[in-house]
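Q: Contents of protein.cif (mmCIF, C-alpha atoms):
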data_my_file
#
loop_
_atom_site.label_atom_id
_atom_site.label_comp_id
_atom_site.auth_asym_id
_atom_site.auth_seq_id
_atom_site.Cartn_x
_atom_site.Cartn_y
_atom_site.Cartn_z
CA HIS A 1 41.23 2.13 40.83
CA LEU A 2 40.04 1.63 44.36
CA GLN A 3 40.26 4.35 46.96
CA THR A 4 39.89 3.28 50.58
CA ASN A 5 38.30 5.61 53.15
CA TYR A 6 39.41 5.44 56.75
CA THR A 7 37.98 6.75 60.03
CA THR A 8 40.41 7.55 62.81
CA SER A 9 39.48 6.57 66.36
CA SER A 10 42.88 7.38 67.87
CA ASP A 11 46.34 8.43 66.81
CA SER A 12 47.56 4.83 66.51
CA GLU A 13 44.51 3.09 65.00
CA LYS A 14 42.65 3.36 61.71
CA THR A 15 39.42 1.61 60.87
CA MET A 16 38.56 0.81 57.23
CA VAL A 17 35.07 1.90 56.20
CA ALA A 18 34.59 0.90 52.53
CA PRO A 19 36.56 0.80 49.30
CA ILE A 20 35.44 3.11 46.52
CA PHE A 21 36.15 2.08 42.91
CA VAL A 22 37.41 4.71 40.46
CA PRO A 23 37.69 3.47 36.82
CA PRO A 24 41.14 3.94 35.29
CA LEU A 25 41.30 6.86 32.88
CA THR A 26 44.97 6.76 31.96
CA TRP A 27 44.23 4.95 28.67
CA THR A 28 42.49 8.04 27.28
CA THR A 29 45.67 10.08 27.59
CA HIS A 30 47.89 7.66 25.66
CA SER A 31 49.01 9.58 22.61
CA ILE A 32 49.26 6.52 20.35
CA THR A 33 45.65 5.50 21.04
CA VAL A 34 44.23 9.00 20.61
CA LEU A 35 46.22 9.83 17.48
CA SER A 36 45.57 6.51 15.76
CA ILE A 37 41.81 6.59 16.38
CA THR A 38 41.56 10.24 15.33
CA SER A 39 43.58 9.69 12.15
CA LEU A 40 41.62 6.59 11.19
CA ALA A 41 38.30 8.32 11.84
CA ILE A 42 39.26 11.25 9.62
CA SER A 43 40.47 8.87 6.89
CA THR A 44 37.26 6.84 7.12
CA PHE A 45 34.95 9.83 6.74
CA TYR A 46 37.07 11.34 3.94
CA THR A 47 37.16 8.17 1.85
CA LEU A 48 33.47 7.51 2.52
CA TRP A 49 32.56 10.98 1.26
CA THR A 50 34.84 10.57 -1.78
CA VAL A 51 33.31 7.21 -2.73
CA ALA A 52 29.77 8.52 -2.31
CA THR A 53 30.33 11.63 -4.46
CA THR A 54 32.60 10.23 -7.20
CA ASP A 55 31.29 9.18 -10.58
CA PRO A 56 31.92 5.40 -10.63
CA GLY A 57 32.23 5.34 -14.41
CA ILE A 58 28.73 6.00 -15.71
CA LEU A 59 28.20 5.34 -19.41
CA PRO A 60 25.82 8.07 -20.63
CA PRO A 61 22.62 6.66 -22.12
CA VAL A 62 21.41 7.64 -25.58
CA SER A 63 17.85 8.94 -25.62
CA CYS A 64 16.91 8.03 -29.14
CA PRO A 65 14.15 5.83 -30.62
CA ILE A 66 16.68 4.32 -33.01
CA LYS A 67 18.76 1.45 -31.73
CA ALA A 68 22.41 2.35 -31.36
CA PRO A 69 24.68 1.06 -34.14
CA ILE A 70 26.73 -2.03 -33.45
CA PRO A 71 30.32 -1.07 -32.56
CA ASN A 72 33.01 -2.65 -34.68
CA ASP A 73 36.58 -2.16 -33.51
CA GLY A 74 37.80 -5.40 -35.08
CA ILE A 75 38.95 -6.78 -31.70
CA THR A 76 36.10 -6.92 -29.20
CA PRO A 77 33.32 -9.40 -30.07
CA ILE A 78 29.61 -8.69 -29.81
CA GLY A 79 27.91 -10.50 -26.97
CA GLY A 80 29.28 -12.88 -24.38
CA PRO A 81 31.11 -12.06 -21.14
CA LEU A 82 34.09 -10.56 -23.00
CA GLY A 83 32.22 -8.59 -25.67
CA TYR A 84 29.92 -5.64 -26.20
CA ARG A 85 26.41 -6.19 -24.86
CA TYR A 86 23.36 -4.14 -25.75
CA CYS A 87 21.48 -2.39 -22.95
CA SER A 88 17.88 -1.72 -23.96
CA THR A 89 17.39 0.72 -21.07
CA CYS A 90 20.34 2.98 -21.93
CA ASN A 91 20.21 2.24 -25.69
CA ILE A 92 23.96 1.64 -25.88
CA PHE A 93 26.31 -1.25 -26.48
CA ARG A 94 28.17 -1.24 -23.20
CA PRO A 95 31.83 -2.35 -23.26
CA PRO A 96 33.11 -5.56 -21.65
CA ARG A 97 33.06 -5.81 -17.83
CA SER A 98 30.30 -3.19 -17.66
CA LYS A 99 26.83 -3.75 -16.24
CA HIS A 100 23.55 -1.94 -15.86
CA CYS A 101 22.86 -1.05 -12.22
CA ASN A 102 19.19 -1.44 -11.38
CA SER A 103 19.52 0.79 -8.31
CA CYS A 104 21.09 3.74 -10.17
CA ASN A 105 19.45 2.87 -13.53
CA VAL A 106 22.66 3.51 -15.45
CA CYS A 107 25.38 1.39 -17.03
CA VAL A 108 28.70 1.51 -15.15
CA SER A 109 32.10 0.76 -16.64
CA LYS A 110 33.91 -2.11 -14.90
CA PHE A 111 30.95 -2.49 -12.57
CA ASP A 112 31.86 -4.05 -9.21
CA HIS A 113 28.67 -3.74 -7.14
CA HIS A 114 26.17 -1.24 -5.81
CA CYS A 115 27.01 -0.27 -2.24
CA PRO A 116 23.92 0.73 -0.20
CA TRP A 117 26.11 2.15 2.60
CA THR A 118 27.65 4.73 0.28
CA GLY A 119 24.53 5.14 -1.89
CA ASN A 120 26.65 4.79 -5.01
CA CYS A 121 27.95 2.20 -7.43
CA ILE A 122 31.50 0.92 -7.15
CA GLY A 123 33.14 0.87 -10.54
CA GLU A 124 36.16 1.80 -12.59
CA ARG A 125 36.68 5.30 -11.18
CA ASN A 126 36.14 4.75 -7.43
CA HIS A 127 37.00 1.13 -6.65
CA MET A 128 40.43 1.85 -5.16
CA VAL A 129 39.02 4.67 -3.02
CA PHE A 130 36.39 2.21 -1.81
CA PHE A 131 39.17 -0.24 -0.92
CA ALA A 132 40.94 2.54 1.02
CA PHE A 133 37.67 3.18 2.86
CA LEU A 134 37.43 -0.51 3.79
CA LEU A 135 41.02 -0.47 5.06
CA SER A 136 40.38 2.63 7.17
CA VAL A 137 37.10 1.54 8.72
CA SER A 138 38.21 -2.05 9.40
CA THR A 139 41.44 -0.85 11.03
CA LEU A 140 39.46 1.68 13.05
CA THR A 141 37.11 -0.98 14.42
CA ILE A 142 40.06 -3.24 15.28
CA VAL A 143 41.86 -0.45 17.15
CA VAL A 144 38.69 0.50 19.07
CA THR A 145 38.10 -3.16 19.97
CA LEU A 146 41.66 -3.58 21.24
CA SER A 147 41.34 -0.34 23.22
CA CYS A 148 38.18 -1.63 24.89
CA PHE A 149 39.88 -4.89 25.87
CA ARG A 150 42.80 -2.88 27.18
CA VAL A 151 40.49 -0.84 29.40
CA ILE A 152 38.92 -4.05 30.74
CA TRP A 153 42.35 -5.54 31.42
CA GLU A 154 43.58 -2.42 33.24
CA THR A 155 40.39 -2.31 35.30
CA TYR A 156 40.82 -5.97 36.25
CA ARG A 157 44.44 -5.42 37.27
CA ALA A 158 43.47 -2.41 39.37
CA LEU A 159 40.76 -4.41 41.14
CA GLU A 160 43.09 -7.35 41.67
CA MET A 161 45.82 -5.13 43.09
CA GLU A 162 43.43 -3.39 45.42
CA GLU A 163 42.01 -6.72 46.52
CA SER A 164 45.51 -7.87 47.46
CA ARG A 165 46.11 -4.70 49.44
CA GLN A 166 42.75 -5.00 51.13
CA HIS A 167 43.37 -8.64 52.03
CA TYR A 168 46.78 -7.74 53.39
CA TYR A 169 45.30 -4.93 55.49
CA TYR A 170 42.58 -7.16 56.96
CA THR A 171 45.09 -9.92 57.71
CA THR A 172 47.44 -7.47 59.42
CA THR A 173 44.62 -5.89 61.41
CA THR A 174 43.12 -9.17 62.63
CA SER A 175 46.52 -10.60 63.58
CA SER A 176 47.42 -7.51 65.62
CA THR A 177 44.06 -7.33 67.39
CA ASN A 178 43.58 -11.13 67.69
CA THR A 179 40.15 -10.87 66.00
CA THR A 180 38.65 -12.51 62.95
CA THR A 181 36.52 -11.03 60.19
CA SER A 182 34.82 -12.48 57.16
CA SER A 183 36.21 -9.70 54.99
CA SER A 184 39.70 -11.16 55.30
CA GLU A 185 38.82 -13.96 52.88
CA GLU A 186 40.52 -13.41 49.52
CA ARG A 187 38.16 -13.15 46.56
CA THR A 188 38.38 -15.45 43.55
CA PRO A 189 39.49 -14.15 40.10
CA SER A 190 36.00 -14.83 38.70
CA SER A 191 34.36 -12.57 41.27
CA ILE A 192 36.93 -9.85 40.53
CA MET A 193 36.25 -10.20 36.79
CA TYR A 194 32.52 -9.94 37.45
CA ASP A 195 32.99 -6.66 39.31
CA CYS A 196 35.28 -5.50 36.52
CA LEU A 197 32.65 -6.14 33.84
CA MET A 198 29.88 -4.58 35.91
CA SER A 199 31.95 -1.44 36.45
CA GLU A 200 32.47 -0.88 32.69
CA PRO A 201 29.10 -1.46 30.94
CA THR A 202 29.75 1.12 28.22
CA VAL A 203 33.08 -0.44 27.32
CA ILE A 204 31.51 -3.93 27.18
CA ILE A 205 28.77 -2.74 24.81
CA MET A 206 31.27 -0.90 22.62
CA ALA A 207 33.60 -3.91 22.48
CA SER A 208 30.75 -6.27 21.56
CA PHE A 209 29.64 -3.97 18.72
CA THR A 210 33.08 -3.21 17.31
CA ILE A 211 34.26 -6.82 17.36
CA LEU A 212 31.31 -7.80 15.15
CA CYS A 213 32.01 -4.87 12.83
CA ALA A 214 35.72 -5.70 12.74
CA TRP A 215 35.00 -9.31 11.79
CA SER A 216 32.64 -8.46 8.92
CA LEU A 217 34.61 -5.47 7.62
CA THR A 218 37.94 -7.27 7.73
CA SER A 219 36.42 -10.19 5.81
CA LEU A 220 35.08 -7.78 3.18
CA THR A 221 38.46 -6.03 2.94
CA CYS A 222 40.24 -9.36 2.42
CA PHE A 223 37.72 -10.30 -0.28
CA HIS A 224 38.32 -7.09 -2.22
CA GLY A 225 42.06 -7.52 -1.81
CA MET A 226 41.69 -10.98 -3.32
CA ILE A 227 39.71 -9.82 -6.35
CA ILE A 228 42.22 -7.00 -6.96
CA SER A 229 44.99 -9.62 -6.90
CA ILE A 230 43.28 -11.57 -9.70
CA ASN A 231 41.94 -8.45 -11.47
CA GLN A 232 38.27 -9.31 -11.25
CA THR A 233 35.19 -7.49 -10.01
CA THR A 234 32.68 -8.62 -7.40
CA ASN A 235 30.09 -9.02 -10.15
CA GLU A 236 32.43 -11.26 -12.18
CA LYS A 237 33.51 -13.29 -9.16
CA VAL A 238 29.98 -13.91 -7.89
CA ARG A 239 28.71 -14.86 -11.35
CA GLY A 240 31.73 -17.07 -12.01
CA VAL A 241 32.49 -15.44 -15.36
CA TYR A 242 36.05 -16.74 -15.49
CA ASP A 243 35.44 -20.18 -14.03
CA SER A 244 35.66 -21.69 -17.51
CA LEU A 245 37.42 -18.81 -19.29
CA ASP A 246 40.81 -17.19 -19.08
CA ASN A 247 40.80 -13.65 -17.72
CA PRO A 248 42.67 -11.52 -20.27
CA ALA A 249 43.00 -8.69 -17.74
CA ASN A 250 44.87 -10.85 -15.20
CA GLU A 251 48.57 -10.00 -15.44
CA GLY A 252 49.71 -11.55 -12.19
CA CYS A 253 49.29 -10.46 -8.57
CA PHE A 254 52.09 -7.86 -8.54
CA ASN A 255 51.17 -6.29 -11.87
CA ASN A 256 47.49 -6.25 -10.96
CA TRP A 257 48.18 -4.35 -7.74
CA ALA A 258 50.62 -2.01 -9.48
CA GLY A 259 48.09 -1.26 -12.18
CA ALA A 260 45.28 -0.70 -9.68
CA ILE A 261 47.32 1.67 -7.49
CA CYS A 262 49.41 3.53 -10.07
CA ARG A 263 47.02 3.91 -12.99
CA GLU A 264 45.36 7.25 -13.57
CA VAL A 265 41.66 7.55 -12.90
CA PRO A 266 39.82 7.80 -16.25
CA ASP A 267 37.97 11.01 -17.01
CA SER A 268 34.28 11.06 -16.31
CA ARG A 269 32.04 10.53 -19.32
CA ILE A 270 29.25 12.62 -17.80
CA PRO A 271 29.00 15.98 -19.63
CA LYS A 272 30.32 18.90 -17.62
CA ASP A 273 28.27 21.43 -19.58
CA PHE A 274 24.55 20.74 -19.91
CA SER A 275 23.81 24.03 -21.70
CA GLU A 276 23.29 22.28 -25.02
CA ILE A 277 20.76 19.79 -23.66
CA ILE A 278 17.37 20.50 -25.21
CA ASP A 279 14.37 20.81 -22.93
CA CYS A 280 11.29 19.61 -24.84
CA ARG A 281 8.76 20.50 -22.16
CA ARG A 282 7.84 23.84 -23.74
CA ALA A 283 7.35 22.22 -27.13
CA ARG A 284 5.24 19.45 -25.64
CA LYS A 285 3.20 21.98 -23.72
CA SER A 286 2.65 23.94 -26.92
CA ARG A 287 1.59 20.79 -28.75
CA ASP A 288 -0.89 19.79 -26.06
CA SER A 289 -2.35 23.27 -25.66
CA ASN A 290 -2.95 23.72 -29.39
CA GLY A 291 -4.16 20.21 -30.12
CA ASP A 292 -6.58 17.73 -28.69
CA GLY A 293 -4.36 16.73 -25.78
CA ASN A 294 -3.14 13.60 -27.52
CA GLY A 295 -0.30 15.18 -29.44
CA ASN A 296 -2.42 16.19 -32.48
CA GLY A 297 -1.77 19.90 -32.35
CA ASN A 298 -0.39 22.16 -35.05
CA GLY A 299 2.90 22.71 -33.21
CA ASN A 300 2.59 26.50 -32.70
CA ASN A 301 2.15 28.55 -29.53
CA ASP A 302 2.13 32.15 -28.42
CA ASP A 303 5.78 32.07 -27.35
CA GLY A 304 6.99 31.34 -30.82
CA VAL A 305 8.19 27.85 -29.91
CA LYS A 306 7.70 25.41 -32.73
CA GLU A 307 8.13 21.66 -32.50
CA SER A 308 9.83 20.42 -35.64
CA VAL A 309 9.14 17.10 -37.30
CA TYR A 310 11.44 14.33 -36.05
CA ASP A 311 14.17 13.55 -38.55
CA SER A 312 15.22 9.91 -38.09
CA GLY A 313 18.13 10.26 -40.50
CA GLU A 314 19.59 13.17 -38.55
CA ALA A 315 19.22 11.25 -35.28
CA GLN A 316 20.99 8.25 -36.77
CA ASP A 317 23.85 10.46 -37.96
CA LYS A 318 24.25 11.97 -34.48
CA VAL A 319 24.39 8.56 -32.83
CA THR A 320 26.97 7.36 -35.34
CA ALA A 321 29.04 10.51 -34.88
CA SER A 322 29.01 10.09 -31.09
CA VAL A 323 30.35 6.56 -31.49
CA GLU A 324 33.10 7.70 -33.83
CA ASP A 325 34.07 10.50 -31.47
CA GLY A 326 34.36 8.06 -28.57
CA ILE A 327 31.69 9.80 -26.49
CA VAL A 328 29.39 6.86 -25.88
CA TYR A 329 31.54 3.76 -26.03
CA SER A 330 35.02 4.90 -25.01
CA PHE A 331 36.50 3.00 -22.06
#
Can the structure from this file be put into structure tokens for me?

A:
Amino acid sequence: HLQTNYTTSSDSEKTMVAPIFVPPLTWTTHSITVLSITSLAISTFYTLWTVATTDPGILPPVSCPIKAPIPNDGITPIGGPLGYRYCSTCNIFRPPRSKHCNSCNVCVSKFDHHCPWTGNCIGERNHMVFFAFLLSVSTLTIVVTLSCFRVIWETYRALEMEESRQHYYYTTTTSSTNTTTSSSEERTPSSIMYDCLMSEPTVIIMASFTILCAWSLTSLTCFHGMIISINQTTNEKVRGVYDSLDNPANEGCFNNWAGAICREVPDSRIPKDFSEIIDCRRARKSRDSNGDGNGNGNGNNDDGVKESVYDSGEAQDKVTASVEDGIVYSF
């Protein structure tokens, strides 16, 4: 607001010196604004952290020189957009709607996309949390943008009101003293708006930034809401997988949303206990130290570690057993 300083020359006369502008601060004390921004900020950071640290649905690779056996469940075909597809990097037949992420170097079940802002893939286990993150951050940017425009509007109204008072004071003073002054001319709305914008540079910068963020984030949120409605992934939509095919997972908009919100999150396929994982570094070190450096050693060392001969039949049996147990290809 504007505060006007006066100097007193007598008991019956006051002379105006200069108006001093004080930006309105009442908007910061509005409980709705403060609570909504605080709640949305907490929700944004919580969902962001959850998306970044949640397993998106990684399909564990099989480190074996033998190609994984072809799965045969009698329903899902081999190859094509709706069938099992072999991944030479992970040495598995990944299930339908899965894809190998080049950034994470793993296959992800129901792969949507790799998000560089979260540093994680978006897949079967964290897609709805990612959508909640988009809702929170887009709503937050919209609320901040509206708050900035509200500050600008309140500042403009305060300047306009003070300008009216100032014009009235000058008019009253000049009419009572029979004098004229150039300051009695009423300012135009454009000049008042200019002073308003110049008095709030931080708010103008914040509003310009958040309105761009709100536009892009709201568009992205609407896009993900659309693909949830038709039960597709970003990868499938961009590639046009179902342009010429029927989507067997599409059960209608209502059922798709109900299934996405109410379904339980599948268990992670990543092993929780890595105690049984074999570390071959000691055996390799023993081989290199007792041989010619090219793997032609006798396989013995001083620690009693012995590298056994690779049994291809045993490896094949283990891969087959993992498939039968649903460890590698369950989805």

Q: Please tell me which residues are no farther than 12 Å from (25.9, -7.4, -28.1) in the file, counting only C-alpha atoms, and write them as number ranges by chain.

A: A: 67-72, 76-88, 91-96

Q: Applied to the shown file, which residues does the PyMOL selection byres ((chain A and resi 123) around 12) return, written as a PyMOL selection string?

A: chain A and resi 51-52+54-59+97-101+106-115+120-122+124-131+232-235+265-266+268

Q: Put those residues in a file: C-alpha atoms, as a short mmCIF file (atom, residue, chain, number, x, y, z; two decimals), in the coordinates of the input.

A:
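Contents of result.cif, as written:
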data_model
loop_
_atom_site.label_atom_id
_atom_site.label_comp_id
_atom_site.auth_asym_id
_atom_site.auth_seq_id
_atom_site.Cartn_x
_atom_site.Cartn_y
_atom_site.Cartn_z
CA VAL A 51 33.31 7.21 -2.73
CA ALA A 52 29.77 8.52 -2.31
CA THR A 54 32.60 10.23 -7.20
CA ASP A 55 31.29 9.18 -10.58
CA PRO A 56 31.92 5.40 -10.63
CA GLY A 57 32.23 5.34 -14.41
CA ILE A 58 28.73 6.00 -15.71
CA LEU A 59 28.20 5.34 -19.41
CA ARG A 97 33.06 -5.81 -17.83
CA SER A 98 30.30 -3.19 -17.66
CA LYS A 99 26.83 -3.75 -16.24
CA HIS A 100 23.55 -1.94 -15.86
CA CYS A 101 22.86 -1.05 -12.22
CA VAL A 106 22.66 3.51 -15.45
CA CYS A 107 25.38 1.39 -17.03
CA VAL A 108 28.70 1.51 -15.15
CA SER A 109 32.10 0.76 -16.64
CA LYS A 110 33.91 -2.11 -14.90
CA PHE A 111 30.95 -2.49 -12.57
CA ASP A 112 31.86 -4.05 -9.21
CA HIS A 113 28.67 -3.74 -7.14
CA HIS A 114 26.17 -1.24 -5.81
CA CYS A 115 27.01 -0.27 -2.24
CA ASN A 120 26.65 4.79 -5.01
CA CYS A 121 27.95 2.20 -7.43
CA ILE A 122 31.50 0.92 -7.15
CA GLU A 124 36.16 1.80 -12.59
CA ARG A 125 36.68 5.30 -11.18
CA ASN A 126 36.14 4.75 -7.43
CA HIS A 127 37.00 1.13 -6.65
CA MET A 128 40.43 1.85 -5.16
CA VAL A 129 39.02 4.67 -3.02
CA PHE A 130 36.39 2.21 -1.81
CA PHE A 131 39.17 -0.24 -0.92
CA GLN A 232 38.27 -9.31 -11.25
CA THR A 233 35.19 -7.49 -10.01
CA THR A 234 32.68 -8.62 -7.40
CA ASN A 235 30.09 -9.02 -10.15
CA VAL A 265 41.66 7.55 -12.90
CA PRO A 266 39.82 7.80 -16.25
CA SER A 268 34.28 11.06 -16.31
#

Q: Identify, on the basis of all atoms listed in the file, every residue whose closest approach to Gly225 in chain A does not exceed 10 Å; exclude the query and any residue fewer than 6 positions from it along the same chain; express the result as a VMD selection string.

A: chain A and resid 131 135 219 231 257

Q: Any idea what the distance is between CA of Ala132 in chain A and CA of Cys262 in chain A?

A: 14.0 Å

Q: How many Å lie between CA of Val62 in chain A and CA of Cys90 in chain A, rounded to one decimal?

A: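 CA of Cys90 in chain A lies at a distance of 6.0 Å from CA of Val62 in chain A.
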
Q: Go through A:Met206, A:Ile66, A:Leu140, A:Ile32 and flag the residue nearest Ile152 in chain A, using only C-alpha atoms for the distances.

A: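 When distances to Ile152 in chain A are compared using only C-alpha atoms, the smallest one comes from A:Met206.
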
Q: What residues come out when you apply the PyMOL selection byres ((chain A and resi 259) around 12) to this file, written as an mmCIF file with C-alpha atoms, keeping the file's coordinate frame?

A:
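Saved result, result.cif, follows:
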data_model
loop_
_atom_site.group_PDB
_atom_site.id
_atom_site.type_symbol
_atom_site.label_atom_id
_atom_site.label_comp_id
_atom_site.auth_asym_id
_atom_site.auth_seq_id
_atom_site.Cartn_x
_atom_site.Cartn_y
_atom_site.Cartn_z
ATOM 1 C CA MET A 128 40.430 1.850 -5.160
ATOM 2 C CA ILE A 228 42.220 -7.000 -6.960
ATOM 3 C CA SER A 229 44.990 -9.620 -6.900
ATOM 4 C CA ILE A 230 43.280 -11.570 -9.700
ATOM 5 C CA ASN A 231 41.940 -8.450 -11.470
ATOM 6 C CA ALA A 249 43.000 -8.690 -17.740
ATOM 7 C CA ASN A 250 44.870 -10.850 -15.200
ATOM 8 C CA GLU A 251 48.570 -10.000 -15.440
ATOM 9 C CA GLY A 252 49.710 -11.550 -12.190
ATOM 10 C CA CYS A 253 49.290 -10.460 -8.570
ATOM 11 C CA PHE A 254 52.090 -7.860 -8.540
ATOM 12 C CA ASN A 255 51.170 -6.290 -11.870
ATOM 13 C CA ASN A 256 47.490 -6.250 -10.960
ATOM 14 C CA TRP A 257 48.180 -4.350 -7.740
ATOM 15 C CA ALA A 258 50.620 -2.010 -9.480
ATOM 16 C CA ALA A 260 45.280 -0.700 -9.680
ATOM 17 C CA ILE A 261 47.320 1.670 -7.490
ATOM 18 C CA CYS A 262 49.410 3.530 -10.070
ATOM 19 C CA ARG A 263 47.020 3.910 -12.990
ATOM 20 C CA GLU A 264 45.360 7.250 -13.570
ATOM 21 C CA VAL A 265 41.660 7.550 -12.900
#

Q: Check which residues satisfy the PyMOL selection byres ((chain A and resi 45) around 12) in the file shown, then give them as an MDAnalysis selection string.

A: chainID A and resid 38:44 46:52 118 129:130 132:134 136:137 140

Q: Quick one, how far is CA of Thr33 in chain A from CA of Glu200 in chain A?

A: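 Rounded to one decimal, the two atoms are 18.7 Å apart.
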
Q: Taking into account only C-alpha atoms, which residue in the set A:Phe223, A:Pro61, A:Asn247, A:Ile75 is nearest to Pro271 in chain A?

A: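 Nearest candidate to Pro271 in chain A out of A:Phe223, A:Pro61, A:Asn247, A:Ile75: A:Pro61.
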
Q: Do you know which residues are at most 12 Å from Tyr194 in chain A counting all atoms listed in the file, after dropping those on the same chain fewer than 4 positions away, and could you put them as a list in words?

A: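 Here the qualifying residues turn out to be Ile152, Thr155, Tyr156, Leu159, Glu160, Arg187, Thr188, Pro189, Ser190, Met198, Ser199, Glu200, Pro201 and Ile204 of chain A.
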